[in-house]
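For reference, model.txt (compact mmCIF, C-alpha atoms):
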```
# COMPACT_ATOMS: atom_id res chain seq x y z
CA MET A 253 5.79 -14.83 -12.55
CA PRO A 254 5.17 -13.49 -16.08
CA LYS A 255 4.99 -9.74 -16.32
CA SER A 256 2.33 -7.97 -18.34
CA LYS A 257 2.88 -4.85 -20.39
CA ARG A 258 1.16 -2.79 -17.72
CA ILE A 259 2.06 0.48 -16.05
CA VAL A 260 0.58 1.93 -12.88
CA ILE A 261 0.92 5.71 -12.43
CA LYS A 262 0.45 7.34 -9.04
CA ILE A 263 -0.33 11.06 -8.97
CA GLY A 264 0.04 13.21 -5.85
CA SER A 265 -2.45 15.86 -4.77
CA SER A 266 0.00 18.73 -5.22
CA LEU A 267 0.22 17.93 -8.94
CA LEU A 268 -3.53 17.76 -9.47
CA ALA A 269 -4.75 20.66 -7.32
CA ASN A 270 -3.65 24.29 -7.37
CA GLU A 271 -2.33 24.83 -3.84
CA GLU A 272 -3.77 28.35 -3.51
CA MET A 273 -7.07 28.07 -5.37
CA LEU A 274 -7.69 24.33 -4.82
CA THR A 275 -8.86 23.91 -8.42
CA PRO A 276 -7.77 21.33 -11.03
CA ARG A 277 -4.42 21.91 -12.70
CA TRP A 278 -5.66 21.41 -16.24
CA ALA A 279 -2.28 21.82 -17.93
CA PHE A 280 -0.80 18.98 -15.89
CA ILE A 281 -3.79 16.70 -16.54
CA GLN A 282 -3.41 17.40 -20.27
CA GLN A 283 0.28 16.44 -20.15
CA LEU A 284 -0.42 13.34 -18.08
CA LEU A 285 -3.21 11.93 -20.23
CA GLY A 286 -1.31 12.84 -23.38
CA ASP A 287 1.39 10.49 -22.13
CA VAL A 288 -1.21 7.86 -21.28
CA LYS A 289 -2.48 8.09 -24.85
CA THR A 290 1.07 7.62 -26.16
CA LEU A 291 1.59 4.57 -23.98
CA ARG A 292 -1.75 3.07 -24.99
CA ASP A 293 -0.80 3.51 -28.65
CA GLN A 294 2.43 1.62 -27.90
CA GLY A 295 0.45 -1.32 -26.55
CA TYR A 296 0.67 -0.60 -22.84
CA GLU A 297 -2.23 -1.04 -20.45
CA VAL A 298 -2.23 1.92 -18.06
CA LEU A 299 -3.83 2.33 -14.64
CA ILE A 300 -3.85 5.56 -12.62
CA CYS A 301 -3.90 5.82 -8.83
CA SER A 302 -4.98 9.36 -8.20
CA SER A 303 -5.00 11.59 -5.17
CA GLY A 304 -6.70 14.97 -5.28
CA ALA A 305 -10.33 14.46 -4.30
CA VAL A 306 -10.00 15.95 -0.82
CA ALA A 307 -7.91 18.90 -2.00
CA LEU A 308 -10.32 19.73 -4.82
CA GLY A 309 -13.36 19.59 -2.53
CA LEU A 310 -12.09 21.70 0.35
CA SER A 311 -13.10 25.05 -1.12
CA THR A 312 -16.61 23.71 -1.77
CA ILE A 313 -17.16 23.20 1.96
CA GLY A 314 -15.29 26.39 2.92
CA GLU A 315 -12.20 24.73 4.44
CA SER A 316 -8.47 24.75 3.83
CA PRO A 317 -5.79 22.05 4.20
CA GLU A 318 -4.65 23.70 7.44
CA THR A 319 -8.09 23.82 9.11
CA ALA A 320 -9.80 20.66 7.84
CA GLY A 321 -10.58 17.90 10.32
CA LEU A 322 -11.56 14.31 9.57
CA ARG A 323 -15.24 15.04 8.90
CA ASP A 324 -14.27 18.02 6.76
CA LYS A 325 -11.99 15.80 4.69
CA GLN A 326 -14.68 13.16 4.29
CA ALA A 327 -17.14 15.78 3.06
CA ALA A 328 -14.47 17.38 0.87
CA ALA A 329 -13.73 14.01 -0.75
CA ALA A 330 -17.42 13.60 -1.60
CA CYS A 331 -17.41 17.05 -3.23
CA GLY A 332 -14.02 16.75 -4.87
CA MET A 333 -14.33 13.33 -6.48
CA PRO A 334 -16.82 14.46 -9.17
CA ILE A 335 -14.55 17.43 -9.93
CA LEU A 336 -11.51 15.16 -10.25
CA LEU A 337 -13.24 12.54 -12.38
CA ASN A 338 -14.84 15.18 -14.58
CA ALA A 339 -11.39 16.61 -15.30
CA TYR A 340 -10.01 13.19 -16.18
CA LYS A 341 -13.08 12.36 -18.26
CA GLN A 342 -12.98 15.55 -20.30
CA VAL A 343 -9.30 15.28 -21.16
CA ALA A 344 -9.41 11.53 -21.81
CA HIS A 345 -12.31 12.15 -24.20
CA GLU A 346 -10.08 14.58 -26.14
CA TYR A 347 -7.54 11.75 -26.52
CA SER A 348 -10.26 9.25 -27.54
CA PHE A 349 -10.12 6.80 -24.66
CA ASP A 350 -12.39 6.01 -21.74
CA ILE A 351 -11.77 6.07 -18.00
CA ALA A 352 -13.56 4.39 -15.10
CA GLN A 353 -13.61 5.13 -11.39
CA VAL A 354 -12.60 2.40 -8.92
CA LEU A 355 -13.04 3.44 -5.29
CA VAL A 356 -11.49 1.13 -2.69
CA THR A 357 -11.16 0.91 1.07
CA LEU A 358 -8.53 -0.72 3.25
CA LYS A 359 -10.63 -3.88 3.59
CA ASP A 360 -10.93 -4.18 -0.19
CA LEU A 361 -7.17 -4.66 -0.29
CA GLU A 362 -6.47 -6.47 3.01
CA ASP A 363 -9.31 -9.02 2.93
CA ARG A 364 -8.42 -11.77 0.47
CA ARG A 365 -11.92 -12.28 -0.96
CA ARG A 366 -12.55 -8.57 -1.44
CA PHE A 367 -9.08 -8.16 -2.92
CA LEU A 368 -9.89 -10.77 -5.55
CA ASN A 369 -13.27 -9.14 -6.28
CA THR A 370 -11.54 -5.80 -6.81
CA LYS A 371 -8.91 -7.49 -8.97
CA ASN A 372 -11.61 -9.05 -11.16
CA THR A 373 -13.26 -5.66 -11.70
CA VAL A 374 -9.98 -3.98 -12.61
CA HIS A 375 -9.04 -6.76 -15.03
CA ARG A 376 -12.43 -6.54 -16.72
CA LEU A 377 -11.94 -2.81 -17.29
CA ILE A 378 -8.48 -3.43 -18.73
CA ARG A 379 -9.80 -6.06 -21.12
CA ALA A 380 -12.38 -3.53 -22.33
CA GLY A 381 -9.61 -1.03 -23.11
CA ILE A 382 -10.68 1.33 -20.31
CA THR A 383 -8.16 3.13 -18.08
CA PRO A 384 -9.09 2.64 -14.40
CA ILE A 385 -8.71 5.62 -12.07
CA VAL A 386 -8.22 4.10 -8.61
CA ASN A 387 -8.59 6.10 -5.40
CA GLU A 388 -9.29 5.40 -1.76
CA ASN A 389 -12.91 6.08 -0.81
CA ASP A 390 -12.03 8.95 1.53
CA SER A 391 -15.65 9.99 2.02
CA ILE A 392 -16.39 6.94 4.19
CA THR A 393 -13.05 6.02 5.76
CA THR A 394 -11.79 7.04 9.18
CA GLU A 395 -8.21 7.30 10.41
CA GLU A 396 -8.41 3.79 11.86
CA ILE A 397 -9.51 2.11 8.62
CA ARG A 398 -7.67 4.13 5.99
CA VAL A 399 -4.94 2.96 3.67
CA GLY A 400 -3.55 6.39 4.54
CA ASP A 401 -1.53 7.12 1.42
CA ASN A 402 -1.94 6.50 -2.28
CA ASP A 403 1.71 5.49 -2.73
CA ARG A 404 1.22 2.11 -1.09
CA LEU A 405 -2.26 1.83 -2.58
CA ALA A 406 -0.65 2.19 -6.01
CA ALA A 407 1.87 -0.51 -5.13
CA LYS A 408 -0.99 -2.81 -4.13
CA VAL A 409 -2.65 -2.14 -7.47
CA ALA A 410 0.65 -2.85 -9.25
CA GLN A 411 0.81 -6.19 -7.43
CA MET A 412 -2.83 -6.87 -8.25
CA VAL A 413 -2.36 -6.51 -12.00
CA GLN A 414 1.24 -7.80 -12.10
CA ALA A 415 2.49 -4.53 -13.58
CA GLU A 416 6.03 -4.28 -14.85
CA THR A 417 6.44 -0.62 -13.83
CA LEU A 418 5.09 1.63 -11.08
CA ILE A 419 5.59 5.34 -11.70
CA ILE A 420 5.23 7.72 -8.77
CA LEU A 421 4.96 11.36 -9.80
CA THR A 422 5.68 13.82 -7.03
CA SER A 423 7.02 17.35 -6.42
CA VAL A 424 10.73 16.41 -6.26
CA ASP A 425 13.12 14.68 -8.64
CA GLY A 426 13.28 11.51 -6.59
CA LEU A 427 14.96 10.15 -3.46
CA TYR A 428 17.83 12.19 -2.00
CA ASP A 429 20.47 10.97 0.44
CA ARG A 430 19.25 13.66 2.87
CA ASN A 431 16.67 16.44 2.95
CA PRO A 432 16.84 17.86 -0.61
CA GLU A 433 16.81 21.40 0.85
CA GLU A 434 20.11 20.76 2.64
CA PRO A 435 23.34 21.83 0.92
CA GLY A 436 25.11 18.96 -0.81
CA ALA A 437 22.04 16.71 -1.03
CA GLN A 438 22.53 14.14 -3.79
CA LEU A 439 19.87 12.39 -5.85
CA VAL A 440 19.93 8.60 -5.42
CA GLU A 441 19.56 7.29 -8.95
CA THR A 442 19.30 3.55 -8.22
CA VAL A 443 17.89 1.73 -5.21
CA ASN A 444 18.20 -2.00 -4.69
CA ASP A 445 17.50 -2.14 -0.93
CA VAL A 446 15.08 0.51 0.34
CA ASN A 447 15.97 -0.30 3.95
CA GLU A 448 19.18 1.69 3.47
CA PHE A 449 17.23 4.92 2.95
CA LEU A 450 14.32 4.79 5.40
CA GLU A 451 15.89 7.20 7.90
CA VAL A 452 16.14 10.07 5.39
CA THR A 453 12.50 10.02 4.24
CA LYS A 454 10.33 12.05 6.59
CA SER A 455 8.86 15.20 4.98
CA VAL A 456 5.22 15.50 3.77
CA SER A 457 3.71 18.05 1.37
CA SER A 458 0.94 20.37 2.57
CA LEU A 459 -1.70 18.80 0.30
CA GLY A 460 -0.53 15.19 0.43
CA THR A 461 -0.65 12.46 3.07
CA GLY A 462 2.54 10.66 2.10
CA GLY A 463 6.17 11.74 1.97
CA MET A 464 9.21 9.93 0.61
CA LEU A 465 8.90 7.27 3.34
CA THR A 466 5.62 5.99 1.91
CA LYS A 467 7.16 6.05 -1.57
CA MET A 468 10.00 3.84 -0.36
CA GLN A 469 7.50 1.51 1.29
CA ALA A 470 5.54 1.39 -1.96
CA ALA A 471 8.71 0.72 -3.94
CA ASN A 472 9.56 -2.16 -1.61
CA MET A 473 6.12 -3.70 -2.13
CA ALA A 474 6.49 -3.34 -5.89
CA GLN A 475 10.01 -4.80 -5.84
CA ASN A 476 8.76 -7.89 -4.05
CA SER A 477 6.36 -8.52 -6.95
CA GLY A 478 8.97 -8.03 -9.65
CA CYS A 479 7.82 -4.50 -10.48
CA THR A 480 10.32 -1.65 -10.97
CA THR A 481 9.40 1.74 -9.47
CA LEU A 482 10.34 5.10 -10.99
CA ILE A 483 10.01 8.17 -8.75
CA GLY A 484 10.26 11.57 -10.38
CA ASN A 485 8.99 15.12 -10.54
CA GLY A 486 5.63 15.46 -12.24
CA GLU A 487 6.33 19.06 -13.21
CA ALA A 488 7.80 18.24 -16.61
CA GLU A 489 6.83 17.99 -20.23
CA ASN A 490 5.72 14.42 -20.92
CA PRO A 491 5.93 13.58 -17.20
CA VAL A 492 5.59 9.81 -17.65
CA THR A 493 7.29 8.94 -20.93
CA SER A 494 10.32 11.11 -20.10
CA LEU A 495 10.90 8.93 -17.02
CA LEU A 496 10.43 5.71 -18.95
CA ASP A 497 12.93 6.68 -21.63
CA GLY A 498 15.43 7.99 -19.05
CA SER A 499 15.65 11.46 -20.58
CA ARG A 500 15.43 13.21 -17.20
CA LYS A 501 16.66 12.49 -13.71
CA HIS A 502 14.70 10.28 -11.34
CA THR A 503 15.11 7.45 -8.84
CA ARG A 504 14.81 3.89 -10.07
CA CYS A 505 13.95 1.19 -7.51
CA VAL A 506 14.94 -2.06 -9.17
CA ALA A 507 12.59 -5.05 -9.11
CA HIS A 508 13.79 -8.21 -7.40
CA ALA A 509 15.04 -10.82 -9.84
CA LYS A 510 13.03 -13.56 -8.11
CA PRO A 511 9.63 -12.01 -7.34
CA ALA A 512 7.20 -13.40 -4.81
CA THR A 513 4.08 -15.24 -5.90
CA ASP A 514 0.81 -13.33 -5.97
CA TRP A 515 -0.30 -15.08 -2.75
CA THR A 516 2.96 -14.40 -0.90
CA ALA A 517 3.04 -10.76 -1.98
CA TRP A 518 -0.54 -10.20 -0.81
CA LEU A 519 0.12 -11.85 2.55
CA THR A 520 3.43 -10.16 3.36
CA ASP A 521 2.94 -6.65 1.97
CA ARG A 522 0.41 -5.20 4.39
CA LEU A 523 -1.10 -1.74 4.53
CA GLN A 524 -2.09 -1.94 8.18
CA MET A 525 -1.30 -4.29 11.05
CA ALA A 526 -4.44 -6.21 12.06
CA GLY A 527 -2.71 -7.95 14.95
CA SER A 528 0.56 -9.32 16.24
CA ILE A 529 1.85 -12.19 18.34
CA VAL A 530 5.14 -12.52 20.25
CA VAL A 531 6.67 -16.00 20.58
CA PRO A 532 9.86 -17.34 22.20
CA ALA A 533 13.02 -17.84 20.14
CA ASP A 534 12.68 -21.62 19.77
CA ALA A 535 9.11 -21.31 18.50
CA ALA A 536 10.17 -18.61 16.03
CA GLU A 537 12.90 -20.89 14.68
CA ALA A 538 10.44 -23.78 14.32
CA LEU A 539 8.05 -21.56 12.36
CA CYS A 540 10.78 -20.20 10.11
CA ASN A 541 12.14 -23.68 9.42
CA GLY A 542 8.69 -24.86 8.34
CA GLU A 543 8.53 -27.49 11.05
CA ARG A 544 5.03 -26.59 12.22
CA GLY A 545 2.43 -23.87 12.54
CA LEU A 546 1.94 -21.38 15.37
CA LEU A 547 0.55 -23.16 18.45
CA ARG A 548 -1.27 -21.70 21.42
CA GLN A 549 1.57 -22.88 23.68
CA ASP A 550 3.92 -20.54 21.78
CA ILE A 551 2.16 -17.30 22.58
CA GLN A 552 3.73 -14.82 24.98
CA SER A 553 1.61 -11.78 24.09
CA ILE A 554 -1.06 -10.66 21.64
CA GLN A 555 -1.99 -7.28 20.16
CA GLY A 556 -4.96 -6.18 18.07
CA THR A 557 -8.63 -7.00 17.56
CA PHE A 558 -8.12 -9.27 14.58
CA VAL A 559 -10.64 -11.72 13.14
CA ARG A 560 -10.29 -15.03 11.33
CA GLY A 561 -8.48 -14.59 8.05
CA ASP A 562 -6.61 -11.45 9.12
CA VAL A 563 -2.84 -11.40 8.70
CA LEU A 564 -0.84 -11.60 11.94
CA HIS A 565 2.67 -10.23 12.35
CA ILE A 566 4.77 -12.75 14.29
CA TYR A 567 7.70 -11.48 16.43
CA ASP A 568 10.34 -13.22 18.49
CA GLU A 569 10.91 -12.16 22.08
CA ASP A 570 13.72 -9.80 20.99
CA GLY A 571 11.24 -7.74 18.96
CA ASN A 572 12.34 -9.00 15.52
CA GLU A 573 9.51 -9.61 13.09
CA ARG A 574 10.04 -13.10 11.71
CA ALA A 575 6.94 -14.06 9.74
CA ARG A 576 3.36 -13.21 8.80
CA GLY A 577 0.44 -15.57 8.59
CA LEU A 578 -3.35 -15.94 8.41
CA ALA A 579 -5.20 -16.15 11.73
CA ASN A 580 -7.40 -19.21 12.25
CA PHE A 581 -9.18 -17.57 15.19
CA THR A 582 -10.34 -14.17 16.36
CA ALA A 583 -8.26 -12.26 18.90
CA GLU A 584 -10.71 -13.15 21.66
CA GLU A 585 -10.62 -16.85 20.76
CA THR A 586 -6.83 -16.78 20.56
CA ILE A 587 -6.52 -15.25 24.03
CA ILE A 588 -8.89 -17.88 25.48
CA LEU A 589 -6.91 -20.71 23.88
CA ALA A 590 -3.53 -19.30 24.92
CA ARG A 591 -4.53 -18.73 28.54
CA ASN A 592 -6.06 -22.18 28.95
CA LYS A 593 -3.51 -24.41 27.29
CA GLU A 594 -4.50 -27.58 29.15
CA ILE A 595 -8.22 -27.35 28.40
CA PRO A 596 -9.44 -28.96 25.15
CA ALA A 597 -10.24 -26.38 22.49
CA LYS A 598 -13.73 -27.77 21.91
CA GLN A 599 -14.56 -27.22 25.57
CA LEU A 600 -13.35 -23.61 25.35
CA LEU A 601 -14.78 -22.61 21.97
CA GLY A 602 -17.69 -24.98 21.44
CA PHE A 603 -16.39 -26.54 18.22
CA GLN A 604 -13.78 -29.13 17.28
CA THR A 605 -10.38 -27.70 16.30
CA ASN A 606 -6.71 -28.60 16.69
CA ALA A 607 -6.10 -25.09 18.13
CA THR A 608 -3.33 -24.18 15.67
CA ILE A 609 -3.37 -20.38 15.69
CA VAL A 610 -1.71 -20.06 12.27
CA SER A 611 -1.35 -23.12 10.03
CA ARG A 612 2.08 -23.95 8.65
CA ASP A 613 0.90 -23.58 5.04
CA ASN A 614 -0.41 -20.06 5.78
CA ILE A 615 2.87 -18.68 7.16
CA VAL A 616 5.37 -16.69 5.08
CA VAL A 617 8.83 -16.15 6.56
CA LEU A 618 10.20 -12.64 6.08
CA ASP A 619 13.58 -12.18 4.44
CA ASP A 620 15.98 -9.24 4.22
CA ARG A 621 14.15 -7.65 1.31
CA HIS A 622 10.99 -6.98 3.34
CA ILE A 623 10.53 -3.87 5.47
CA GLN A 624 9.93 -5.04 9.01
CA TRP A 625 7.31 -3.46 11.25
CA ASP A 626 8.17 -2.42 14.78
CA THR A 627 6.61 -4.49 17.53
CA PRO A 628 3.70 -2.66 19.23
CA PRO A 629 4.43 -0.87 22.52
CA GLU A 630 4.23 -2.96 25.69
CA ASP A 631 1.05 -1.23 26.84
CA GLU A 632 -0.72 -2.42 23.66
CA LEU A 633 0.25 -6.07 24.17
CA GLU A 634 -2.00 -8.54 25.97
CA GLN A 635 0.41 -10.59 28.07
CA ILE A 636 -0.19 -14.34 28.14
CA GLN A 637 2.74 -16.25 29.61
CA ASP A 638 2.83 -14.47 32.96
CA THR A 639 -0.88 -14.90 33.73
```

How does this structure look as structure tokens?
Amino acid sequence: MPKSKRIVIKIGSSLLANEEMLTPRWAFIQQLLGDVKTLRDQGYEVLICSSGAVALGLSTIGESPETAGLRDKQAAAACGMPILLNAYKQVAHEYSFDIAQVLVTLKDLEDRRRFLNTKNTVHRLIRAGITPIVNENDSITTEEIRVGDNDRLAAKVAQMVQAETLIILTSVDGLYDRNPEEPGAQLVETVNDVNEFLEVTKSVSSLGTGGMLTKMQAANMAQNSGCTTLIGNGEAENPVTSLLDGSRKHTRCVAHAKPATDWTAWLTDRLQMAGSIVVPADAAEALCNGERGLLRQDIQSIQGTFVRGDVLHIYDEDGNERARGLANFTAEETIILARNKEIPAKQLLGFQTNATIVSRDNIVVLDDRHIQWDTPPEDELEQIQDT
């Protein structure tokens, strides 16, 4: 997959908003966009995934990060987004380039058609020489339908535009082998397999929604698309270019030498689990060997309220996630088919179908480089085989 000369920069809330006053940190924005200007002059196309809208709007509605509930945060995002974009606009104008706002929701990234529509918009902005500022539309999302963190959103954008580098600016120097506040903690300079470090990545900043765990998840998504991720402290002079030239310490998550195709990356690198299916070991092997698709006879249990075209996570009976694939039926239709294996599908559903739950061509087998998702708890699974 050819790589473009594109860079995606993710900015955390703690860098953009003063933690006490909840106002824009103008000095940082000046440094950031000064670097963007430098990169643009060097021929790079730059995209920014920005947090900060909720933090900057909290004081407007008389709330704080500690007291704000979901509705407060939605209202704060509506108030804070104009403040955030105005700050970006003013400083970008000083550096003689234009910005544009691109607000997205989970469905814009998880639904294939909407993903492609968003991609077309972003590419059109890039062709016009405009720097897109991408953010989740927090004013209308709920906890159930949120991306949840801008680290993985930035990785999705990096996949979308086939960026060569994803830069995540945060409040620490990078990934440490343990809590960086512990004595003897060492910075991890190079990461090839993020799975080795997932257990040491748990803390979250007071203004942000993602800690180092989400940054490792984002780095894994970027790696799968052939994009290298740099994680470093944003509190520095020339916060972006000093990471790119290696003049200060950071963590480098190396891109895979053989990246996935655009289609495979979109299908496997999910932001939220729409649904899951558990199958016996022999069926899992048949799927992974490409012998056939997922049949209704295979299903042991189902989880989720997925619809046609959603991505299903497929587990074997030992709880190992083996593959992901596009659902041909809704959850309700799948349950009906699986519980009535001997009845023709047309009689059950009212239309002619071969009752393949996931077609062979729409299944991607997971390998060691993917982060696996835990199987849902037993009480969330709709049991099929024992009924």

* Asked: Can you list, as number ranges by chain, every protein, DNA or RNA residue that comes within 9 Å of stretch 265-279 of chain A when you count all atoms listed in the file, leaving out same-chain residues fewer than 3 positions away?
  -> A: 282-284, 302-311, 316, 335-336, 339, 343, 421-423, 457-461, 486-487

* Computed interatomic separation between atom CA of A:Glu573 and atom CA of A:Leu539 (Å) -> 12.1 Å

* **Nearest to A:Gly577, chosen from A:Asn447, A:Thr516, A:Thr627, A:Gln599, with all atoms listed in the file counted in the distances** => A:Thr516

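Nearest to A:Asp521 of all the residues A:Val610, A:Leu361, A:Val374, A:Val443 is A:Leu361, based on only C-alpha atoms.
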
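In this comparison, which uses only C-alpha atoms, the residue of A:Asn472, A:Ser477, A:Ser553, A:Asn606 approaching A:Glu569 most closely is A:Ser553.
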
* Asked: From the set A:Ile636, A:Leu589, A:Val354, A:Ile595, which residue has the shortest atom-to-atom contact distance to A:Ile529, counting only C-alpha atoms?
  ->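 Ranked by minimum distance to A:Ile529, first place goes to A:Ile636.
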